[in-house]
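Q: Data: work_18.txt, compact mmCIF, C-alpha atoms.
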```txt
# COMPACT_ATOMS: atom_id res chain seq x y z
CA MET A 21 22.42 0.76 -15.73
CA ALA A 22 20.29 3.91 -15.66
CA ASP A 23 17.19 1.77 -15.58
CA GLN A 24 18.29 0.44 -12.19
CA VAL A 25 18.30 3.89 -10.57
CA VAL A 26 14.91 4.52 -8.95
CA LEU A 27 14.30 8.19 -8.26
CA PRO A 28 12.60 8.91 -4.91
CA ILE A 29 9.90 11.02 -6.53
CA PRO A 30 7.55 12.30 -5.38
CA ASN A 31 9.11 12.64 -1.94
CA LEU A 32 6.74 10.56 0.19
CA LEU A 33 8.23 11.89 3.42
CA LEU A 34 6.49 15.19 2.63
CA SER A 35 3.04 13.60 2.57
CA GLN A 36 3.81 12.10 5.98
CA HIS A 37 4.82 15.53 7.32
CA LEU A 38 1.60 17.03 5.93
CA PHE A 39 -0.42 14.27 7.60
CA THR A 40 1.28 15.05 10.92
CA LEU A 41 0.33 18.71 10.61
CA THR A 42 -3.33 17.85 10.04
CA GLN A 43 -3.58 15.80 13.25
CA PRO A 44 -4.35 17.87 16.39
CA GLY A 45 -3.26 14.96 18.60
CA LEU A 46 0.25 15.19 17.14
CA ALA A 47 0.77 18.84 18.11
CA HIS A 48 4.11 17.99 19.76
CA LEU A 49 5.43 16.97 16.31
CA HIS A 50 4.07 19.95 14.39
CA ASP A 51 7.08 22.26 14.56
CA ASN A 52 9.49 19.70 13.14
CA ALA A 53 6.97 18.52 10.53
CA ARG A 54 6.33 22.08 9.34
CA THR A 55 10.06 22.78 9.04
CA GLU A 56 10.76 19.55 7.14
CA LEU A 57 7.74 19.99 4.86
CA LEU A 58 8.73 23.51 3.86
CA LYS A 59 12.37 22.45 3.40
CA GLY A 60 11.36 19.58 1.11
CA ILE A 61 8.98 21.70 -0.94
CA SER A 62 11.66 24.36 -1.43
CA ALA A 63 14.35 21.82 -2.33
CA ASP A 64 12.24 20.25 -5.09
CA GLN A 65 10.68 23.56 -6.22
CA MET A 66 7.18 22.11 -5.67
CA ALA A 67 5.06 25.11 -6.64
CA PRO A 68 1.92 23.09 -7.64
CA TYR A 69 2.01 21.07 -4.41
CA TYR A 70 2.63 24.20 -2.32
CA LYS A 71 -0.42 25.86 -3.90
CA ILE A 72 -2.59 22.85 -3.03
CA ILE A 73 -1.44 22.82 0.59
CA THR A 74 -1.80 26.55 1.22
CA SER A 75 -5.23 26.70 -0.46
CA THR A 76 -6.77 23.61 1.20
CA SER A 77 -5.25 23.54 4.69
CA SER A 78 -3.61 25.69 7.35
CA ALA A 79 -0.53 23.46 7.51
CA LEU A 80 1.65 26.13 5.88
CA ALA A 81 1.18 29.88 5.70
CA PRO A 82 1.13 31.26 2.13
CA ASP A 83 4.38 32.92 1.05
CA PRO A 84 3.82 34.74 -2.28
CA ALA A 85 7.53 35.38 -2.80
CA LEU A 86 8.41 31.71 -2.33
CA LEU A 87 5.59 30.60 -4.63
CA SER A 88 6.64 33.07 -7.33
CA SER A 89 10.28 31.95 -7.26
CA MET A 90 9.28 28.28 -7.48
CA GLU A 91 6.84 28.91 -10.35
CA THR A 92 9.58 30.72 -12.26
CA ALA A 93 11.99 27.84 -11.69
CA ASN A 94 9.31 25.35 -12.82
CA ALA A 95 8.55 27.30 -15.98
CA ASP A 96 12.24 27.59 -16.90
CA GLU A 97 12.93 23.87 -16.37
CA LEU A 98 9.80 22.76 -18.23
CA LYS A 99 10.75 25.01 -21.15
CA ARG A 100 14.19 23.37 -21.28
CA LEU A 101 12.66 19.89 -21.11
CA ASP A 102 10.12 20.70 -23.83
CA GLU A 103 12.89 21.96 -26.09
CA ARG A 104 14.90 18.80 -25.44
CA LEU A 105 11.85 16.66 -26.29
CA GLU A 106 11.22 18.63 -29.49
CA GLU A 107 14.85 18.20 -30.54
CA ALA A 108 14.76 14.45 -29.84
CA THR A 109 11.49 14.07 -31.78
CA LYS A 110 12.93 15.84 -34.85
CA THR A 111 16.44 14.43 -35.07
CA GLU A 112 16.90 11.40 -32.81
CA GLY A 113 15.62 7.87 -32.30
CA GLU A 114 13.11 6.09 -30.07
CA SER A 115 15.50 5.72 -27.14
CA GLU A 116 16.27 9.44 -26.97
CA ILE A 117 12.59 10.38 -27.33
CA SER A 118 11.72 7.97 -24.51
CA ASP A 119 14.44 9.47 -22.29
CA ALA A 120 13.16 13.01 -22.97
CA LEU A 121 9.57 12.00 -22.20
CA LYS A 122 10.63 10.31 -18.96
CA ALA A 123 12.71 13.32 -17.91
CA ARG A 124 9.73 15.63 -18.41
CA ALA A 125 7.34 13.24 -16.64
CA ASN A 126 9.73 12.81 -13.71
CA TYR A 127 10.12 16.54 -13.28
CA LEU A 128 6.33 17.05 -13.13
CA THR A 129 6.20 14.19 -10.63
CA ARG A 130 8.96 15.75 -8.52
CA ILE A 131 7.20 19.12 -8.25
CA GLY A 132 3.85 17.54 -7.29
CA ASP A 133 1.82 18.53 -10.36
CA LYS A 134 -0.46 15.49 -10.07
CA ASP A 135 -2.65 15.62 -13.19
CA ARG A 136 0.10 16.69 -15.59
CA ALA A 137 2.51 14.18 -14.04
CA ILE A 138 0.07 11.28 -14.53
CA GLU A 139 -0.57 12.34 -18.14
CA ALA A 140 3.16 12.66 -18.83
CA GLN A 141 4.02 9.33 -17.18
CA ASN A 142 1.35 7.55 -19.22
CA LEU A 143 2.71 9.10 -22.41
CA ALA A 144 6.22 7.99 -21.48
CA LEU A 145 4.83 4.52 -20.78
CA GLU A 146 3.38 4.33 -24.30
CA LYS A 147 6.66 5.39 -25.93
CA THR A 148 9.07 3.34 -23.79
CA PRO A 149 10.00 -0.06 -25.25
CA GLY A 150 11.99 -1.73 -22.43
CA LEU A 151 10.02 -3.93 -20.02
CA GLY A 152 12.08 -2.90 -16.99
CA SER A 153 11.64 0.80 -17.76
CA ARG A 154 7.91 0.32 -18.24
CA ILE A 155 7.62 -1.33 -14.83
CA ASP A 156 9.55 1.58 -13.28
CA ILE A 157 7.13 4.08 -14.83
CA VAL A 158 4.09 2.18 -13.55
CA LEU A 159 5.61 2.03 -10.06
CA THR A 160 6.19 5.79 -10.27
CA LEU A 161 2.48 6.19 -11.02
CA ALA A 162 1.78 4.08 -7.92
CA ARG A 163 3.99 6.39 -5.85
CA ILE A 164 2.04 9.39 -7.14
CA GLY A 165 -1.05 7.59 -5.87
CA PHE A 166 0.55 6.98 -2.47
CA PHE A 167 1.69 10.61 -2.30
CA PHE A 168 -1.78 12.04 -2.93
CA GLY A 169 -3.74 9.24 -1.22
CA ASP A 170 -5.37 8.18 -4.51
CA ASN A 171 -6.33 4.52 -3.96
CA ASP A 172 -7.78 4.10 -7.45
CA LEU A 173 -4.51 5.19 -9.03
CA ILE A 174 -2.55 2.89 -6.71
CA SER A 175 -4.75 -0.12 -7.49
CA THR A 176 -4.66 0.47 -11.25
CA SER A 177 -0.90 0.99 -11.27
CA LEU A 178 -0.15 -2.07 -9.14
CA SER A 179 -2.33 -4.23 -11.38
CA LYS A 180 -0.39 -3.00 -14.42
CA ALA A 181 2.92 -3.58 -12.66
CA GLU A 182 1.92 -7.12 -11.73
CA ALA A 183 0.95 -7.88 -15.33
CA LEU A 184 4.24 -6.49 -16.61
CA THR A 185 6.35 -8.43 -14.10
CA GLU A 186 4.56 -11.61 -15.18
CA GLU A 187 5.87 -10.93 -18.67
CA GLY A 188 9.43 -11.10 -17.38
CA GLY A 189 10.22 -8.56 -14.68
CA ASP A 190 13.58 -8.99 -12.98
CA TRP A 191 14.18 -10.07 -9.39
CA ASP A 192 14.62 -6.55 -7.99
CA ARG A 193 11.44 -5.17 -9.52
CA ARG A 194 9.43 -8.18 -8.36
CA ASN A 195 10.63 -7.62 -4.81
CA ARG A 196 9.89 -3.90 -4.93
CA LEU A 197 6.40 -4.66 -6.21
CA LYS A 198 5.83 -6.86 -3.13
CA VAL A 199 6.55 -3.88 -0.87
CA TYR A 200 4.30 -1.54 -2.88
CA THR A 201 1.47 -4.07 -2.78
CA ALA A 202 1.96 -4.71 0.94
CA LEU A 203 1.74 -1.02 1.81
CA HIS A 204 -1.42 -0.68 -0.24
CA LEU A 205 -2.94 -3.71 1.51
CA LEU A 206 -2.04 -2.25 4.91
CA SER A 207 -3.80 0.98 3.99
CA LEU A 208 -6.89 -1.13 3.22
CA ARG A 209 -6.64 -2.99 6.57
CA GLN A 210 -5.73 -6.29 4.90
CA PHE A 211 -3.07 -7.20 7.43
CA LYS A 212 -2.72 -10.90 6.66
CA PRO A 213 -1.74 -10.72 2.96
CA ALA A 214 0.32 -7.60 3.68
CA ALA A 215 2.23 -9.36 6.47
CA SER A 216 3.12 -12.26 4.17
CA LEU A 217 4.47 -9.95 1.46
CA LEU A 218 6.41 -7.83 3.96
CA SER A 219 8.11 -10.84 5.57
CA ASP A 220 8.95 -12.23 2.11
CA ALA A 221 10.68 -8.95 1.23
CA LEU A 222 12.45 -8.56 4.57
CA SER A 223 15.83 -9.92 3.45
CA THR A 224 15.69 -8.43 -0.05
CA PHE A 225 14.29 -4.94 0.60
CA THR A 226 15.39 -2.26 -1.87
CA ALA A 227 12.29 -0.03 -2.15
CA THR A 228 13.75 2.95 -0.29
CA GLU A 229 12.06 5.28 -2.79
CA LEU A 230 8.75 4.25 -1.18
CA VAL A 231 9.55 3.83 2.51
CA PRO A 232 12.72 4.14 4.65
CA TYR A 233 14.22 0.81 5.74
CA ASN A 234 13.51 1.23 9.47
CA ASP A 235 9.90 2.14 8.72
CA PHE A 236 9.60 -0.91 6.48
CA VAL A 237 10.86 -3.20 9.26
CA ALA A 238 8.48 -1.54 11.73
CA LEU A 239 5.53 -2.18 9.41
CA THR A 240 6.68 -5.78 8.96
CA VAL A 241 6.78 -6.36 12.72
CA VAL A 242 3.45 -4.64 13.36
CA ALA A 243 1.62 -6.60 10.65
CA ASN A 244 3.11 -9.99 11.47
CA ALA A 245 2.61 -9.64 15.23
CA LEU A 246 -1.12 -9.53 14.54
CA VAL A 247 -1.41 -12.50 12.16
CA LEU A 248 1.29 -15.03 13.11
CA GLY A 249 1.07 -17.70 15.79
CA ARG A 250 3.74 -17.86 18.49
CA VAL A 251 5.92 -20.43 16.69
CA GLU A 252 5.90 -18.57 13.38
CA LEU A 253 6.34 -15.20 15.10
CA LYS A 254 9.50 -16.50 16.76
CA LYS A 255 10.82 -18.02 13.53
CA LYS A 256 10.01 -15.25 11.05
CA ILE A 257 10.19 -12.07 13.13
CA ILE A 258 11.76 -12.38 16.58
CA SER A 259 14.72 -14.41 15.26
CA ALA A 260 15.12 -12.47 11.99
CA PRO A 261 18.50 -10.68 11.86
CA GLU A 262 16.96 -7.84 9.82
CA VAL A 263 14.50 -7.17 12.65
CA ASN A 264 17.08 -7.47 15.43
CA GLN A 265 19.32 -5.02 13.60
CA VAL A 266 16.60 -2.33 13.77
CA LEU A 267 15.21 -3.02 17.27
CA PRO A 268 17.79 -0.80 19.05
CA ASP A 269 16.32 2.13 17.09
CA LEU A 270 12.73 1.00 17.74
CA PRO A 271 12.81 -0.65 21.18
CA ILE A 272 9.02 -0.52 21.57
CA LEU A 273 8.69 -3.13 18.82
CA GLY A 274 11.00 -5.48 20.71
CA ASP A 275 8.97 -4.98 23.87
CA LEU A 276 5.77 -5.74 21.97
CA ILE A 277 6.72 -9.00 20.25
CA LYS A 278 9.00 -10.43 22.94
CA ASN A 279 6.54 -9.85 25.78
CA LEU A 280 3.73 -11.33 23.71
CA TYR A 281 5.85 -14.38 22.91
CA ASP A 282 7.08 -14.76 26.51
CA CYS A 283 3.53 -14.29 27.89
CA HIS A 284 4.45 -11.22 29.95
CA TYR A 285 1.04 -9.73 29.36
CA ASP A 286 1.33 -6.75 31.73
CA LYS A 287 4.45 -5.56 29.89
CA PHE A 288 2.79 -6.39 26.56
CA PHE A 289 -0.18 -4.13 27.39
CA LEU A 290 2.17 -1.28 28.28
CA ALA A 291 4.10 -1.78 25.03
CA LEU A 292 0.84 -1.85 23.06
CA ALA A 293 -0.33 1.44 24.58
CA THR A 294 3.05 3.04 23.84
CA LEU A 295 3.02 1.66 20.29
CA GLU A 296 -0.35 3.29 19.65
CA GLN A 297 0.92 6.74 20.62
CA THR A 298 4.41 6.59 19.15
CA LEU A 299 4.00 4.56 15.95
CA LEU A 300 0.40 3.81 14.97
CA LEU A 301 -1.32 7.19 15.36
CA PRO A 302 1.60 9.19 13.87
CA SER A 303 1.70 6.91 10.79
CA ARG A 304 -0.17 8.04 7.71
CA ILE A 305 -0.71 4.40 6.71
CA LEU A 306 -1.58 2.91 10.09
CA ALA A 307 -3.44 5.74 11.85
CA PRO A 308 -6.87 4.93 10.33
CA HIS A 309 -6.51 1.38 11.66
CA ALA A 310 -4.93 2.11 15.06
CA HIS A 311 -8.03 1.37 17.15
CA PHE A 312 -8.74 -1.79 15.13
CA TYR A 313 -5.16 -2.96 15.63
CA ILE A 314 -5.15 -2.32 19.37
CA ARG A 315 -8.44 -4.18 19.77
CA GLU A 316 -7.27 -7.18 17.74
CA MET A 317 -3.98 -7.40 19.62
CA ARG A 318 -5.83 -7.37 22.96
CA ILE A 319 -8.06 -10.19 21.73
CA LEU A 320 -4.96 -12.08 20.62
CA ALA A 321 -3.37 -11.76 24.07
CA TYR A 322 -6.57 -12.73 25.91
CA THR A 323 -6.98 -15.77 23.63
CA GLN A 324 -3.38 -16.83 24.12
CA LEU A 325 -3.74 -16.78 27.90
CA LEU A 326 -7.23 -18.33 28.10
CA GLU A 327 -6.26 -21.24 25.84
CA SER A 328 -3.95 -22.51 28.59
CA TYR A 329 -6.66 -22.76 31.28
CA ARG A 330 -10.15 -24.12 31.81
CA SER A 331 -10.96 -21.24 34.14
CA LEU A 332 -9.36 -18.18 35.70
CA THR A 333 -10.49 -15.65 38.24
CA LEU A 334 -11.01 -12.10 37.06
CA GLU A 335 -8.56 -11.01 39.73
CA SER A 336 -5.77 -13.25 38.40
CA LEU A 337 -6.47 -12.03 34.86
CA SER A 338 -6.28 -8.42 35.96
CA ARG A 339 -2.93 -9.09 37.66
CA ALA A 340 -1.60 -10.88 34.56
CA PHE A 341 -2.45 -7.90 32.34
CA GLY A 342 -1.58 -5.20 34.86
CA VAL A 343 -5.01 -3.58 34.75
CA GLY A 344 -8.03 -3.32 37.05
CA VAL A 345 -10.64 -6.05 37.50
CA GLU A 346 -13.36 -3.75 36.14
CA PHE A 347 -11.33 -3.10 32.97
CA VAL A 348 -10.81 -6.83 32.33
CA ASP A 349 -14.47 -7.57 33.07
CA ASN A 350 -15.70 -4.92 30.61
CA ASP A 351 -13.13 -5.84 27.95
CA LEU A 352 -13.83 -9.56 28.08
CA SER A 353 -17.61 -9.04 28.20
CA ARG A 354 -17.48 -6.99 25.02
CA PHE A 355 -15.31 -9.48 23.13
CA ILE A 356 -17.32 -12.50 24.36
CA ALA A 357 -20.62 -10.87 23.32
CA ALA A 358 -19.16 -10.20 19.87
CA GLY A 359 -18.14 -13.86 19.53
CA ARG A 360 -14.44 -13.02 19.48
CA LEU A 361 -13.54 -14.96 22.64
CA HIS A 362 -14.71 -18.49 23.47
CA ALA A 363 -15.36 -17.95 27.16
CA SER A 364 -18.05 -17.05 29.67
CA ILE A 365 -17.96 -14.94 32.84
CA ASP A 366 -19.42 -16.11 36.14
CA LYS A 367 -20.05 -12.72 37.76
CA VAL A 368 -21.16 -14.25 41.06
CA HIS A 369 -17.87 -16.06 41.67
CA GLY A 370 -15.67 -13.73 39.58
CA ILE A 371 -14.49 -16.54 37.28
CA VAL A 372 -13.83 -16.68 33.54
CA GLU A 373 -14.46 -20.13 32.06
CA THR A 374 -13.21 -21.11 28.61
CA THR A 375 -15.74 -22.66 26.22
CA ARG A 376 -13.68 -24.17 23.43
CA PRO A 377 -15.65 -24.85 20.24
CA SER A 378 -16.24 -28.54 19.54
CA THR A 379 -13.71 -30.02 17.13
CA LYS A 380 -16.16 -32.71 16.06
CA ARG A 381 -18.82 -30.11 15.25
CA ALA A 382 -16.34 -28.13 13.16
CA GLN A 383 -15.38 -31.31 11.27
CA TYR A 384 -19.04 -32.18 10.74
CA GLU A 385 -19.81 -28.73 9.32
CA SER A 386 -16.76 -28.96 7.06
CA VAL A 387 -17.92 -32.33 5.68
CA ILE A 388 -21.42 -30.93 5.03
CA ARG A 389 -20.01 -27.92 3.15
CA GLN A 390 -17.70 -30.11 1.05
CA GLY A 391 -20.56 -32.54 0.34
CA ASP A 392 -22.79 -29.70 -0.86
CA ALA A 393 -20.03 -28.52 -3.17
CA VAL A 394 -19.57 -32.01 -4.64
CA LEU A 395 -23.32 -32.42 -5.20
CA ASN A 396 -23.51 -29.05 -6.96
CA GLU A 397 -20.65 -30.06 -9.28
CA VAL A 398 -22.33 -33.42 -10.04
CA GLN A 399 -25.63 -31.72 -10.87
CA ARG A 400 -23.85 -29.21 -13.12
CA LEU A 401 -22.00 -32.02 -14.90
CA SER A 402 -25.20 -34.05 -15.38
CA ARG A 403 -26.88 -31.10 -17.07
CA VAL A 404 -23.97 -30.80 -19.49
CA LEU A 405 -23.95 -34.54 -20.33
CA TYR A 406 -27.69 -35.07 -20.60
```
Written as structure tokens, how would this file's structure read?

A:
Amino acid sequence: MADQVVLPIPNLLLSQHLFTLTQPGLAHLHDNARTELLKGISADQMAPYYKIITSTSSALAPDPALLSSMETANADELKRLDERLEEATKTEGESEISDALKARANYLTRIGDKDRAIEAQNLALEKTPGLGSRIDIVLTLARIGFFFGDNDLISTSLSKAEALTEEGGDWDRRNRLKVYTALHLLSLRQFKPAASLLSDALSTFTATELVPYNDFVALTVVANALVLGRVELKKKIISAPEVNQVLPDLPILGDLIKNLYDCHYDKFFLALATLEQTLLLPSRILAPHAHFYIREMRILAYTQLLESYRSLTLESLSRAFGVGVEFVDNDLSRFIAAGRLHASIDKVHGIVETTRPSTKRAQYESVIRQGDAVLNEVQRLSRVLY
């Protein structure tokens, strides 16, 4: 049963608070973030992490007395854990040695001692026989990567976890791995595969050690709103009970997806602007991709509207989106020039005309590509046979 208990270490909320403190645009959140960060560090006696923060940023002011008390507590606990490991090594079996190694590794992980924690977790991984426990250790290594923003560690750990689950990981660990992988993909701006994994895990979410439930649902909605068509968005997100349960706490998400689905584009644009300030930019995972996301969602809305008409006046478009004619003109011009919208603008008459790509041409190009592939395979086969 102990194997089923997943410790929320390191505390990933602290890395989010630290991110908030490093963003000048989030100054209105700094006081609360500083209080919560210091409270969390003190609660887990995170002397190594505190030293990193105070030496590399101005997020927290150095407090020598606090640091000294935490270092003393760390030294005392590590001494006790080392003695327990030595005792288990001398007089007990594999299971007890594994438990002692994991306890030591988890403590180093809890206090934010990155290098020693990784070394200790890898040692525990070598000495732990159970498949489920090994997966848990690898996922802990992934969380260390998330905590410190180490993408190489995350990628390596998730690859190991995937290999282990293929050997026979249970249902819960497979589902938790989906969430870990999805968050990593989001951080790499791979919204489409991330959205699929997040929606798959929506009804079975248990990975609270990685992300709070409401935040998980928010990420699921944000990712899927970008990649799903209207029918699938309605089916998988808007009608999902798990999403509707959270929307009262995050009403901006409801405004975003429902106004997009109902084609209320002026309200959708307002919701999108609010989402950027209240959810995207404050998020450690989504902030680097906020401008990309806003741009892609605007393109999605423009495309959805233009697909219904052969032509529209710039004035009617500006009314539909609740913005000025000049804004729509500039926005559309940029996206059309980049090949992101199939339309053209008649500046003289103030009209936007859709230019849908030819279906026959697309089919022709597809046949040519497939034919080339077949010919290449035939030539390769002929060389083998003759």

Q: Rounded to one decimal in Å, what is the spacing between atom CA of Ile157 of chain A and atom CA of Val241 of chain A?

A: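 Atom CA of Val241 of chain A lies 29.5 Å from atom CA of Ile157 of chain A.
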
Q: Tell me which of A:Leu38, A:Ile131, A:Ala393, A:Leu334 sits closest to Ile371 of chain A, counting all atoms listed in the file.

A: A:Leu334

Q: Nearest residue to Tyr281 of chain A out of A:Ser259, A:Thr298, A:Gln65, A:Gln36, using all atoms listed in the file?

A: A:Ser259

Q: Can you tell me, as a list in words, which residues sit within 12 Å of (7.0, 2.3, -24.0) in the file's frame, using only C-alpha atoms?

A: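 Those residues lying close to the given coordinates are Glu114, Ser115, Ile117, Ser118, Asp119, Leu121, Lys122, Gln141, Asn142, Leu143, Ala144, Leu145, Glu146, Lys147, Thr148, Pro149, Gly150, Leu151, Gly152, Ser153, Arg154, Ile155, Asp156, Ile157, Val158 and Leu184 of chain A.
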
Q: Tell me, as a VMD selection string, which residues lie within 6 Å of segment 191-207 of chain A, counting only C-alpha atoms; anything in the same chain fewer than 3 positions away does not count.

A: chain A and resid 210 to 211 214 217 227 305

Q: Could you save the residues just selected, with C-alpha atoms, as a short mmCIF file (atom, residue, chain, number, x, y, z; two decimals), in the coordinates of the input?

A:
```cif
data_model
loop_
_atom_site.label_atom_id
_atom_site.label_comp_id
_atom_site.auth_asym_id
_atom_site.auth_seq_id
_atom_site.Cartn_x
_atom_site.Cartn_y
_atom_site.Cartn_z
CA GLN A 210 -5.73 -6.29 4.90
CA PHE A 211 -3.07 -7.20 7.43
CA ALA A 214 0.32 -7.60 3.68
CA LEU A 217 4.47 -9.95 1.46
CA ALA A 227 12.29 -0.03 -2.15
CA ILE A 305 -0.71 4.40 6.71
#
```

Q: Neighbouring residues of Tyr329 of chain A were defined as those with any atom within 10 Å, considering all atoms listed in the file; residues of the same chain fewer than 6 positions away were excluded. Please report them as a list in words.

A: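 The residues satisfying every condition are Val372, Glu373 and Thr374 of chain A.
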
Q: Give me the residues near Arg124 of chain A as a list in words, where near means some atom within 8 Å (using all atoms listed in the file) and where sequence neighbours in that chain fewer than 2 positions away do not count.

A: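 In the requested form, the answer reads Leu98, Leu101, Asp102, Ala120, Leu121, Lys122, Asn126, Tyr127, Leu128 and Ala140 of chain A.
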
Q: Segment 140-143 of chain A, all listed atoms, 3 Å padding on each side: what axis-aligned box centre and edge lengths in Å to one decimal come out, as lines of an AutoDock Vina configuration file?

A:
```
center_x = 2.7
center_y = 10.1
center_z = -19.8
size_x = 8.7
size_y = 11.1
size_z = 11.2
```

Q: May I ask for the distance between atom CA of Arg163 of chain A and atom CA of Pro30 of chain A, given in Å to one decimal place?

A: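 Result for atom CA of Arg163 of chain A versus atom CA of Pro30 of chain A: 6.9 Å, one decimal.
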
Q: Rank nothing, just name the residue among A:Arg318, A:Arg339, A:Ser177, A:Arg330 nearest to Asp351 of chain A, using only C-alpha atoms.

A: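 That would be A:Arg318, the residue with the smallest distance to Asp351 of chain A.
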
Q: One decimal, Å: what's the distance from atom CA of Leu80 of chain A over to atom CA of Arg54 of chain A, could you say?

A: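 It comes out at 7.1 Å.
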
Q: For Leu361 of chain A, list every protein, DNA or RNA residue within 12 Å, evaluated using only C-alpha atoms, and leave out those in the same chain fewer than 3 positions away; present the list as number ranges by chain.

A: A: 316, 318-327, 351-358, 364-365, 372-377

Q: With all atoms listed in the file as the atoms that count, which of A:Asp190, A:Asn350, A:His311, A:Gly370 lies nearest to Glu335 of chain A?

A: A:Gly370

Q: Show me, as an mmCIF file with C-alpha atoms, in the frame of the given file, the residues that have an atom within 12 Å of segment 73-77 of chain A when counting only C-alpha atoms, minus same-chain residues fewer than 5 positions from it.

A:
```cif
data_model
loop_
_atom_site.group_PDB
_atom_site.id
_atom_site.type_symbol
_atom_site.label_atom_id
_atom_site.label_comp_id
_atom_site.auth_asym_id
_atom_site.auth_seq_id
_atom_site.Cartn_x
_atom_site.Cartn_y
_atom_site.Cartn_z
ATOM 1 C CA LEU A 34 6.490 15.190 2.630
ATOM 2 C CA SER A 35 3.040 13.600 2.570
ATOM 3 C CA HIS A 37 4.820 15.530 7.320
ATOM 4 C CA LEU A 38 1.600 17.030 5.930
ATOM 5 C CA PHE A 39 -0.420 14.270 7.600
ATOM 6 C CA LEU A 41 0.330 18.710 10.610
ATOM 7 C CA THR A 42 -3.330 17.850 10.040
ATOM 8 C CA GLN A 43 -3.580 15.800 13.250
ATOM 9 C CA ARG A 54 6.330 22.080 9.340
ATOM 10 C CA LEU A 57 7.740 19.990 4.860
ATOM 11 C CA LEU A 58 8.730 23.510 3.860
ATOM 12 C CA ILE A 61 8.980 21.700 -0.940
ATOM 13 C CA MET A 66 7.180 22.110 -5.670
ATOM 14 C CA ALA A 67 5.060 25.110 -6.640
ATOM 15 C CA PRO A 68 1.920 23.090 -7.640
ATOM 16 C CA PRO A 82 1.130 31.260 2.130
ATOM 17 C CA ASP A 83 4.380 32.920 1.050
ATOM 18 C CA PRO A 84 3.820 34.740 -2.280
ATOM 19 C CA LEU A 86 8.410 31.710 -2.330
ATOM 20 C CA LEU A 87 5.590 30.600 -4.630
ATOM 21 C CA GLY A 132 3.850 17.540 -7.290
ATOM 22 C CA PHE A 168 -1.780 12.040 -2.930
#
```
